[in-house]
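To start, the structure itself, in structure tokens.
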Amino acid sequence: MATVSLWQRTPRIEADVAVVGGGVIGTATAWALGRLAPDLRVVIVEAERLAFGASGRNAGFLLLGTVSDYTSAVDAHGRDAARRIWAFTREAYELSAEVGARHDVGFQATGSVIAAGTDAEADRLRRSRALLSEDGVETRFLDGPAANAHLGSAGYHGLLVVPTGGVIDPARLVRALAAESGAEVVEGWRATAVESEGGRVRLAADGGGEVVADRVLVATNAFLPQLLPTLADVVRPVRAQMLATAPAPPTLAAPVYSHDGYFYLRQRPDGRVLLGGARHLHRDAEVGPDDATTDALQADLARYLATHFPSLADVPVERRWSGPMGFSPDGLPVLGAVPGVPGARFAAGFTGHGMAYALRFGSLAARTLLDESDPALDLFHHARLVNA
Ligand SMILES: Cc1cc2nc3c(=O)[nH]c(=O)nc-3n(C[C@H](O)[C@H](O)[C@H](O)COP(=O)(O)OP(=O)(O)OC[C@H]3O[C@@H](n4cnc5c(N)ncnc54)[C@H](O)[C@@H]3O)c2cc1C
């Protein structure tokens, strides 16, 4: 067995706040802590490297609202909550735009397009337009032929054009947030336990390292149940797959989210088209945090492109990948206390929509770690699931 010398051993790290997980939520929280309490010593520990998880593998859509259309959000969470979540994600979007103005993170204020795959979805989008208008947000609804003329597409049943929202390079965003946060970043450090130690929180790592902090946020999303099995009810790991084509002629001016979010595509300034989704056609296979693509799902992505954007059907695919998402029981993120470990909290369950919440959610998590109030806490507090 390999031995480890005294000099090689992982040192004990002391911090005021430790964040476990270097994804967009962990780094956004460290970033917000850096703004709210710049004197605190904050450390981010990451099992692999920054943006290794979903935050470095997603489509980079910055959409407003929940993972569902506004009508579905109102039906699921109530009018007031839907309105407040929209405002929350609008703040998150504006914070992303601020970072995008300071750093080369591929931020573009494109607006977004929600396309209907069925007449029923088109009806919901039509109703969303009316509800949003009553709530002070103006969007445009286009019916089938006008929708396809607007997008240069085929086969959509309607379109909601949302003027706010955009796109970003998510991995570069994560690195920019970590750099601006002033936090110490420790990569290759996998937490194996979260426990109390003399009124503080101790994190143990693979290989014997330890971090001791007054406060800890576990921001490992899909991997939460691996570290904290008692919270397995909060997060169900689900896999998402994507592909990227070779550069294609300009086709898409804004990100397109369609079929209730089960398909999503955008075109980068370099012409490459990113397309993800089709998970609903392979529900039994696309579970767990394993990193792999499948021929069957990738063939459905190709079929989708050929159906809705025939001009892109023959563009070669350059890259295929997958990423681990953490689904919560009600589709909203969850912020809560780690049971039995005072001072430790978790943020998880971003349900395929974490970029939309990220920078505002970082402020919420940071305020909670600092024992400060935040008017949005009730929307995302773990108590809603425990008391349901
Ligand atoms: C293919 C795909 C497309 C998506 N598209 C979009 C989109 O366009 N817009 C959008 O809003 N959302 C999208 N999402 C969802 C979004 O990516 C996630 O909601 C968001 O990235 C979650 O961020 P996170 O920081 O909570 O988790 P993650 O990014 O998964 O970060 C968790 C980190 O924790 C680390 N970790 C795990 N266990 C440990 C441990 N024990 N110790 C230390 N570190 C650990 C992991 O290595 C990882 O880096 C998509 C997701 C996928 C997979």
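In the structure tokens, each chain is lettered A, B, ... as it comes, each chain's residues begin at 1, and ligands are numbered from 1 in order of appearance.
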
- Task: Compile the contact shell of Trp321 in chain A as a PyMOL selection string: residues with an atom at most 7 Å away, counting only C-alpha atoms, same-chain residues fewer than 5 positions apart removed.
- Result: chain A and resi 241-243+292-293

Got time to write the residues from that selection, N, CA and C atoms, as a short mmCIF file (atom, residue, chain, number, x, y, z; two decimals), in the first residue's frame?
data_model
loop_
_atom_site.label_atom_id
_atom_site.label_comp_id
_atom_site.auth_asym_id
_atom_site.auth_seq_id
_atom_site.Cartn_x
_atom_site.Cartn_y
_atom_site.Cartn_z
N GLN A 241 -28.52 14.49 -21.36
CA GLN A 241 -27.53 14.37 -22.43
C GLN A 241 -27.65 15.54 -23.41
N MET A 242 -26.51 15.86 -24.02
CA MET A 242 -26.48 16.94 -25.01
C MET A 242 -25.61 16.55 -26.19
N LEU A 243 -25.68 17.37 -27.23
CA LEU A 243 -24.73 17.26 -28.33
C LEU A 243 -24.39 18.66 -28.82
N ALA A 292 -22.46 9.20 -19.00
CA ALA A 292 -22.40 8.40 -20.24
C ALA A 292 -23.47 8.91 -21.20
N THR A 293 -23.23 8.71 -22.49
CA THR A 293 -24.29 8.98 -23.47
C THR A 293 -24.78 7.65 -24.03
#

- Item | Per-residue DSSP, range 8-42 of chain A, filtered to strand (DSSP E or B), as a list in words | Arg12, Ile13, Glu14, Ala15, Asp16, Val17, Ala18, Val19, Val20 and Val42 of chain A

Based on the selection just made, write all heavy atoms of those residues as a PDB file, in the first residue's frame.
ATOM      1  N   ARG A  12      -4.918  20.294   7.786  1.00  0.00           N
ATOM      2  CA  ARG A  12      -6.242  20.689   8.272  1.00  0.00           C
ATOM      3  C   ARG A  12      -6.470  22.147   7.854  1.00  0.00           C
ATOM      4  O   ARG A  12      -5.596  22.991   8.011  1.00  0.00           O
ATOM      5  CB  ARG A  12      -6.244  20.559   9.790  1.00  0.00           C
ATOM      6  CG  ARG A  12      -7.487  21.061  10.498  1.00  0.00           C
ATOM      7  CD  ARG A  12      -7.307  20.825  11.987  1.00  0.00           C
ATOM      8  NE  ARG A  12      -8.216  21.612  12.785  1.00  0.00           N
ATOM      9  CZ  ARG A  12      -9.188  21.086  13.534  1.00  0.00           C
ATOM     10  NH1 ARG A  12      -9.351  19.780  13.588  1.00  0.00           N
ATOM     11  NH2 ARG A  12      -9.971  21.853  14.259  1.00  0.00           N
ATOM     12  N   ILE A  13      -7.645  22.409   7.258  1.00  0.00           N
ATOM     13  CA  ILE A  13      -7.958  23.774   6.816  1.00  0.00           C
ATOM     14  C   ILE A  13      -8.974  24.362   7.782  1.00  0.00           C
ATOM     15  O   ILE A  13      -9.970  23.711   8.107  1.00  0.00           O
ATOM     16  CB  ILE A  13      -8.540  23.761   5.384  1.00  0.00           C
ATOM     17  CG1 ILE A  13      -7.513  23.192   4.394  1.00  0.00           C
ATOM     18  CG2 ILE A  13      -8.983  25.150   4.962  1.00  0.00           C
ATOM     19  CD1 ILE A  13      -8.077  22.921   3.006  1.00  0.00           C
ATOM     20  N   GLU A  14      -8.707  25.569   8.238  1.00  0.00           N
ATOM     21  CA  GLU A  14      -9.642  26.286   9.116  1.00  0.00           C
ATOM     22  C   GLU A  14     -10.314  27.379   8.294  1.00  0.00           C
ATOM     23  O   GLU A  14      -9.639  28.074   7.526  1.00  0.00           O
ATOM     24  CB  GLU A  14      -8.885  26.950  10.272  1.00  0.00           C
ATOM     25  CG  GLU A  14      -8.172  26.004  11.211  1.00  0.00           C
ATOM     26  CD  GLU A  14      -9.066  25.522  12.345  1.00  0.00           C
ATOM     27  OE1 GLU A  14     -10.175  26.091  12.529  1.00  0.00           O
ATOM     28  OE2 GLU A  14      -8.659  24.557  13.021  1.00  0.00           O
ATOM     29  N   ALA A  15     -11.614  27.536   8.460  1.00  0.00           N
ATOM     30  CA  ALA A  15     -12.318  28.591   7.709  1.00  0.00           C
ATOM     31  C   ALA A  15     -13.498  29.095   8.519  1.00  0.00           C
ATOM     32  O   ALA A  15     -13.951  28.432   9.468  1.00  0.00           O
ATOM     33  CB  ALA A  15     -12.808  28.030   6.377  1.00  0.00           C
ATOM     34  N   ASP A  16     -13.977  30.273   8.158  1.00  0.00           N
ATOM     35  CA  ASP A  16     -15.242  30.733   8.753  1.00  0.00           C
ATOM     36  C   ASP A  16     -16.403  29.988   8.087  1.00  0.00           C
ATOM     37  O   ASP A  16     -17.316  29.523   8.749  1.00  0.00           O
ATOM     38  CB  ASP A  16     -15.394  32.246   8.558  1.00  0.00           C
ATOM     39  CG  ASP A  16     -14.311  33.022   9.298  1.00  0.00           C
ATOM     40  OD1 ASP A  16     -14.143  32.784  10.504  1.00  0.00           O
ATOM     41  OD2 ASP A  16     -13.612  33.819   8.652  1.00  0.00           O
ATOM     42  N   VAL A  17     -16.341  29.920   6.764  1.00  0.00           N
ATOM     43  CA  VAL A  17     -17.394  29.206   6.017  1.00  0.00           C
ATOM     44  C   VAL A  17     -16.733  28.274   5.005  1.00  0.00           C
ATOM     45  O   VAL A  17     -15.816  28.692   4.285  1.00  0.00           O
ATOM     46  CB  VAL A  17     -18.322  30.182   5.250  1.00  0.00           C
ATOM     47  CG1 VAL A  17     -19.405  29.402   4.506  1.00  0.00           C
ATOM     48  CG2 VAL A  17     -18.949  31.212   6.177  1.00  0.00           C
ATOM     49  N   ALA A  18     -17.204  27.044   4.959  1.00  0.00           N
ATOM     50  CA  ALA A  18     -16.742  26.105   3.931  1.00  0.00           C
ATOM     51  C   ALA A  18     -17.912  25.744   3.030  1.00  0.00           C
ATOM     52  O   ALA A  18     -19.033  25.510   3.512  1.00  0.00           O
ATOM     53  CB  ALA A  18     -16.171  24.843   4.571  1.00  0.00           C
ATOM     54  N   VAL A  19     -17.652  25.733   1.734  1.00  0.00           N
ATOM     55  CA  VAL A  19     -18.667  25.343   0.750  1.00  0.00           C
ATOM     56  C   VAL A  19     -18.196  24.045   0.118  1.00  0.00           C
ATOM     57  O   VAL A  19     -17.063  23.966  -0.367  1.00  0.00           O
ATOM     58  CB  VAL A  19     -18.822  26.438  -0.323  1.00  0.00           C
ATOM     59  CG1 VAL A  19     -19.792  25.977  -1.412  1.00  0.00           C
ATOM     60  CG2 VAL A  19     -19.293  27.749   0.302  1.00  0.00           C
ATOM     61  N   VAL A  20     -19.044  23.031   0.127  1.00  0.00           N
ATOM     62  CA  VAL A  20     -18.701  21.750  -0.496  1.00  0.00           C
ATOM     63  C   VAL A  20     -19.345  21.724  -1.877  1.00  0.00           C
ATOM     64  O   VAL A  20     -20.572  21.768  -1.992  1.00  0.00           O
ATOM     65  CB  VAL A  20     -19.225  20.561   0.340  1.00  0.00           C
ATOM     66  CG1 VAL A  20     -18.762  19.234  -0.275  1.00  0.00           C
ATOM     67  CG2 VAL A  20     -18.770  20.664   1.784  1.00  0.00           C
ATOM     68  N   VAL A  42     -13.362  32.120   3.492  1.00  0.00           N
ATOM     69  CA  VAL A  42     -14.267  31.153   2.847  1.00  0.00           C
ATOM     70  C   VAL A  42     -13.428  30.172   2.037  1.00  0.00           C
ATOM     71  O   VAL A  42     -12.496  30.572   1.337  1.00  0.00           O
ATOM     72  CB  VAL A  42     -15.270  31.879   1.907  1.00  0.00           C
ATOM     73  CG1 VAL A  42     -16.200  30.881   1.229  1.00  0.00           C
ATOM     74  CG2 VAL A  42     -16.074  32.923   2.689  1.00  0.00           C
TER      75      VAL A  42
END

- Task: Residues within 7 Å of ligand 1, counting only C-alpha atoms and all ligand atoms: report them as a ChimeraX atom specification.
- Result: /A:20-26,45-63,189-192,219-224,227,239-242,276,322-325,347-348,350-357

Take the residues just selected and output them with C-alpha atoms as a CSV table (one decimal), in the first residue's frame.
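Okay, selection00.csv is ready:
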chain,number,residue,atom,x,y,z
A,20,VAL,CA,-18.7,21.8,-0.5
A,21,GLY,CA,-19.1,21.6,-4.3
A,22,GLY,CA,-17.5,23.9,-6.9
A,23,GLY,CA,-20.5,24.2,-9.2
A,24,VAL,CA,-22.5,27.4,-9.9
A,25,ILE,CA,-24.4,27.2,-6.6
A,26,GLY,CA,-21.3,26.7,-4.5
A,45,VAL,CA,-13.8,22.2,-1.5
A,46,GLU,CA,-14.5,20.4,-4.8
A,47,ALA,CA,-14.1,16.7,-5.3
A,48,GLU,CA,-12.8,17.1,-8.9
A,49,ARG,CA,-12.3,20.5,-10.4
A,50,LEU,CA,-14.5,23.7,-10.6
A,51,ALA,CA,-17.5,23.2,-12.8
A,52,PHE,CA,-17.0,19.4,-13.0
A,53,GLY,CA,-20.7,18.6,-12.5
A,54,ALA,CA,-23.8,19.9,-14.2
A,55,SER,CA,-22.5,23.5,-14.0
A,56,GLY,CA,-19.8,22.7,-16.6
A,57,ARG,CA,-22.0,20.6,-18.8
A,58,ASN,CA,-25.3,22.5,-19.2
A,59,ALA,CA,-26.7,24.5,-22.1
A,60,GLY,CA,-26.1,27.8,-20.4
A,61,PHE,CA,-29.7,29.1,-20.7
A,62,LEU,CA,-30.6,31.9,-18.3
A,63,LEU,CA,-34.4,31.6,-18.4
A,189,TRP,CA,-10.9,17.2,-2.2
A,190,ARG,CA,-13.9,14.9,-1.8
A,191,ALA,CA,-15.9,15.3,1.4
A,192,THR,CA,-16.8,12.0,3.0
A,219,ALA,CA,-23.8,22.4,-2.6
A,220,THR,CA,-23.3,19.0,-4.3
A,221,ASN,CA,-26.8,18.9,-5.9
A,222,ALA,CA,-27.2,15.4,-7.6
A,223,PHE,CA,-24.5,14.0,-5.4
A,224,LEU,CA,-26.2,15.1,-2.1
A,227,LEU,CA,-22.6,12.5,1.2
A,239,ARG,CA,-29.0,12.3,-16.2
A,240,ALA,CA,-29.2,14.8,-19.1
A,241,GLN,CA,-27.5,14.4,-22.4
A,242,MET,CA,-26.5,16.9,-25.0
A,276,GLY,CA,-30.2,18.6,-25.3
A,322,SER,CA,-24.0,14.0,-20.3
A,323,GLY,CA,-24.4,15.7,-16.9
A,324,PRO,CA,-26.0,14.9,-13.5
A,325,MET,CA,-29.1,16.8,-12.5
A,347,ALA,CA,-28.7,23.6,-1.2
A,348,ALA,CA,-29.8,21.1,-3.8
A,350,PHE,CA,-32.2,22.6,-8.9
A,351,THR,CA,-34.2,20.3,-11.2
A,352,GLY,CA,-32.5,21.1,-14.5
A,353,HIS,CA,-32.8,24.8,-14.0
A,354,GLY,CA,-30.0,25.8,-11.6
A,355,MET,CA,-28.5,28.5,-13.9
A,356,ALA,CA,-31.8,30.4,-13.8
A,357,TYR,CA,-31.6,30.6,-10.0

- Item | In range 95-279 of chain A, DSSP helix (DSSP H, G or I) residues written as an NGL selection string | :A and (95-102 or 119-134 or 144-151 or 170-181 or 206-208 or 221-227 or 229-231 or 279)

- Query: Nearest to Val167 in chain A: which of A:Ala376, A:Val4, A:Pro11, A:Ala109 is it, counting only C-alpha atoms?
  - Reply: A:Ala109

- Item | Length of the CA of Arg200 in chain A to CA of Phe327 in chain A vector [Å] | 29.8 Å

- Task: For His259 in chain A, list every protein, DNA or RNA residue within 8 Å, evaluated using only C-alpha atoms, and leave out those in the same chain fewer than 5 positions away; present the list as a ChimeraX atom specification.
- Result: /A:115-118,121

- Item | Nearest-residue call for Arg124 in chain A, choices A:Thr27, A:Ala344, A:Asp104, A:Asp260, using only C-alpha atoms | A:Asp260

- Mind checking which residues fall within 8 Å of range 68-70 of chain A, counting only C-alpha atoms, ignoring those fewer than 4 positions away in the same chain, and posting them as an NGL selection string? :A and (74 or 82 or 124-125 or 128 or 131-132 or 260-261)

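CA of Gly271 in chain A is positioned 20.3 Å from CA of Gly100 in chain A.
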
- Task: Just the residues within 12 Å of Ile85 in chain A, please, counting only C-alpha atoms, with nothing from its chain fewer than 3 positions along; format it as JSON, numbers by chain.
- Result: {"A": [63, 64, 65, 66, 67, 68, 70, 73, 74, 77, 78, 79, 80, 81, 82, 88, 89, 90, 91, 92, 332, 333, 356, 357, 360, 361, 375, 376, 377, 378, 379, 380]}

Please write the residues from the selection above to a file, keeping C-alpha atoms, as a PDB file, in the first residue's frame.
ATOM      1  CA  LEU A  63     -34.417  31.602 -18.405  1.00  0.00           C
ATOM      2  CA  LEU A  64     -36.892  33.330 -16.138  1.00  0.00           C
ATOM      3  CA  GLY A  65     -39.387  31.535 -13.902  1.00  0.00           C
ATOM      4  CA  THR A  66     -39.464  27.899 -12.851  1.00  0.00           C
ATOM      5  CA  VAL A  67     -38.461  24.893 -14.927  1.00  0.00           C
ATOM      6  CA  SER A  68     -42.073  24.852 -16.252  1.00  0.00           C
ATOM      7  CA  TYR A  70     -45.805  30.170 -16.178  1.00  0.00           C
ATOM      8  CA  ALA A  73     -45.939  27.220 -12.258  1.00  0.00           C
ATOM      9  CA  VAL A  74     -49.100  29.045 -11.161  1.00  0.00           C
ATOM     10  CA  HIS A  77     -47.118  26.650  -6.651  1.00  0.00           C
ATOM     11  CA  GLY A  78     -49.856  29.324  -6.627  1.00  0.00           C
ATOM     12  CA  ARG A  79     -49.990  32.750  -8.264  1.00  0.00           C
ATOM     13  CA  ASP A  80     -48.056  34.610  -5.602  1.00  0.00           C
ATOM     14  CA  ALA A  81     -45.184  32.099  -5.509  1.00  0.00           C
ATOM     15  CA  ALA A  82     -44.991  31.985  -9.328  1.00  0.00           C
ATOM     16  CA  PHE A  88     -36.200  36.027  -8.096  1.00  0.00           C
ATOM     17  CA  THR A  89     -34.903  34.628 -11.396  1.00  0.00           C
ATOM     18  CA  ARG A  90     -35.044  38.092 -12.937  1.00  0.00           C
ATOM     19  CA  GLU A  91     -32.682  39.269 -10.181  1.00  0.00           C
ATOM     20  CA  ALA A  92     -30.477  36.218 -10.828  1.00  0.00           C
ATOM     21  CA  LEU A 332     -38.074  23.852  -6.865  1.00  0.00           C
ATOM     22  CA  PRO A 333     -34.624  24.083  -5.276  1.00  0.00           C
ATOM     23  CA  ALA A 356     -31.758  30.389 -13.791  1.00  0.00           C
ATOM     24  CA  TYR A 357     -31.637  30.644  -9.988  1.00  0.00           C
ATOM     25  CA  ARG A 360     -29.717  35.127  -6.606  1.00  0.00           C
ATOM     26  CA  PHE A 361     -29.758  31.742  -4.889  1.00  0.00           C
ATOM     27  CA  PRO A 375     -37.518  37.623   1.745  1.00  0.00           C
ATOM     28  CA  ALA A 376     -37.289  34.615  -0.611  1.00  0.00           C
ATOM     29  CA  LEU A 377     -36.343  32.005   1.991  1.00  0.00           C
ATOM     30  CA  ASP A 378     -39.872  30.611   2.412  1.00  0.00           C
ATOM     31  CA  LEU A 379     -40.072  29.829  -1.333  1.00  0.00           C
ATOM     32  CA  PHE A 380     -37.190  27.376  -1.172  1.00  0.00           C
TER      33      PHE A 380
END

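Proximity ranking of A:Tyr262, A:Tyr304, A:Trp86, A:Phe107 relative to Asp135 in chain A places A:Trp86 first, based on only C-alpha atoms.
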
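Between CA of Pro170 in chain A and CA of Leu95 in chain A lies a distance of 13.9 Å.
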
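Take the candidates A:Val161, A:Ile114, A:Gly343, A:Pro289 and check each one against Val194 in chain A using only C-alpha atoms; the shortest distance goes to A:Gly343.
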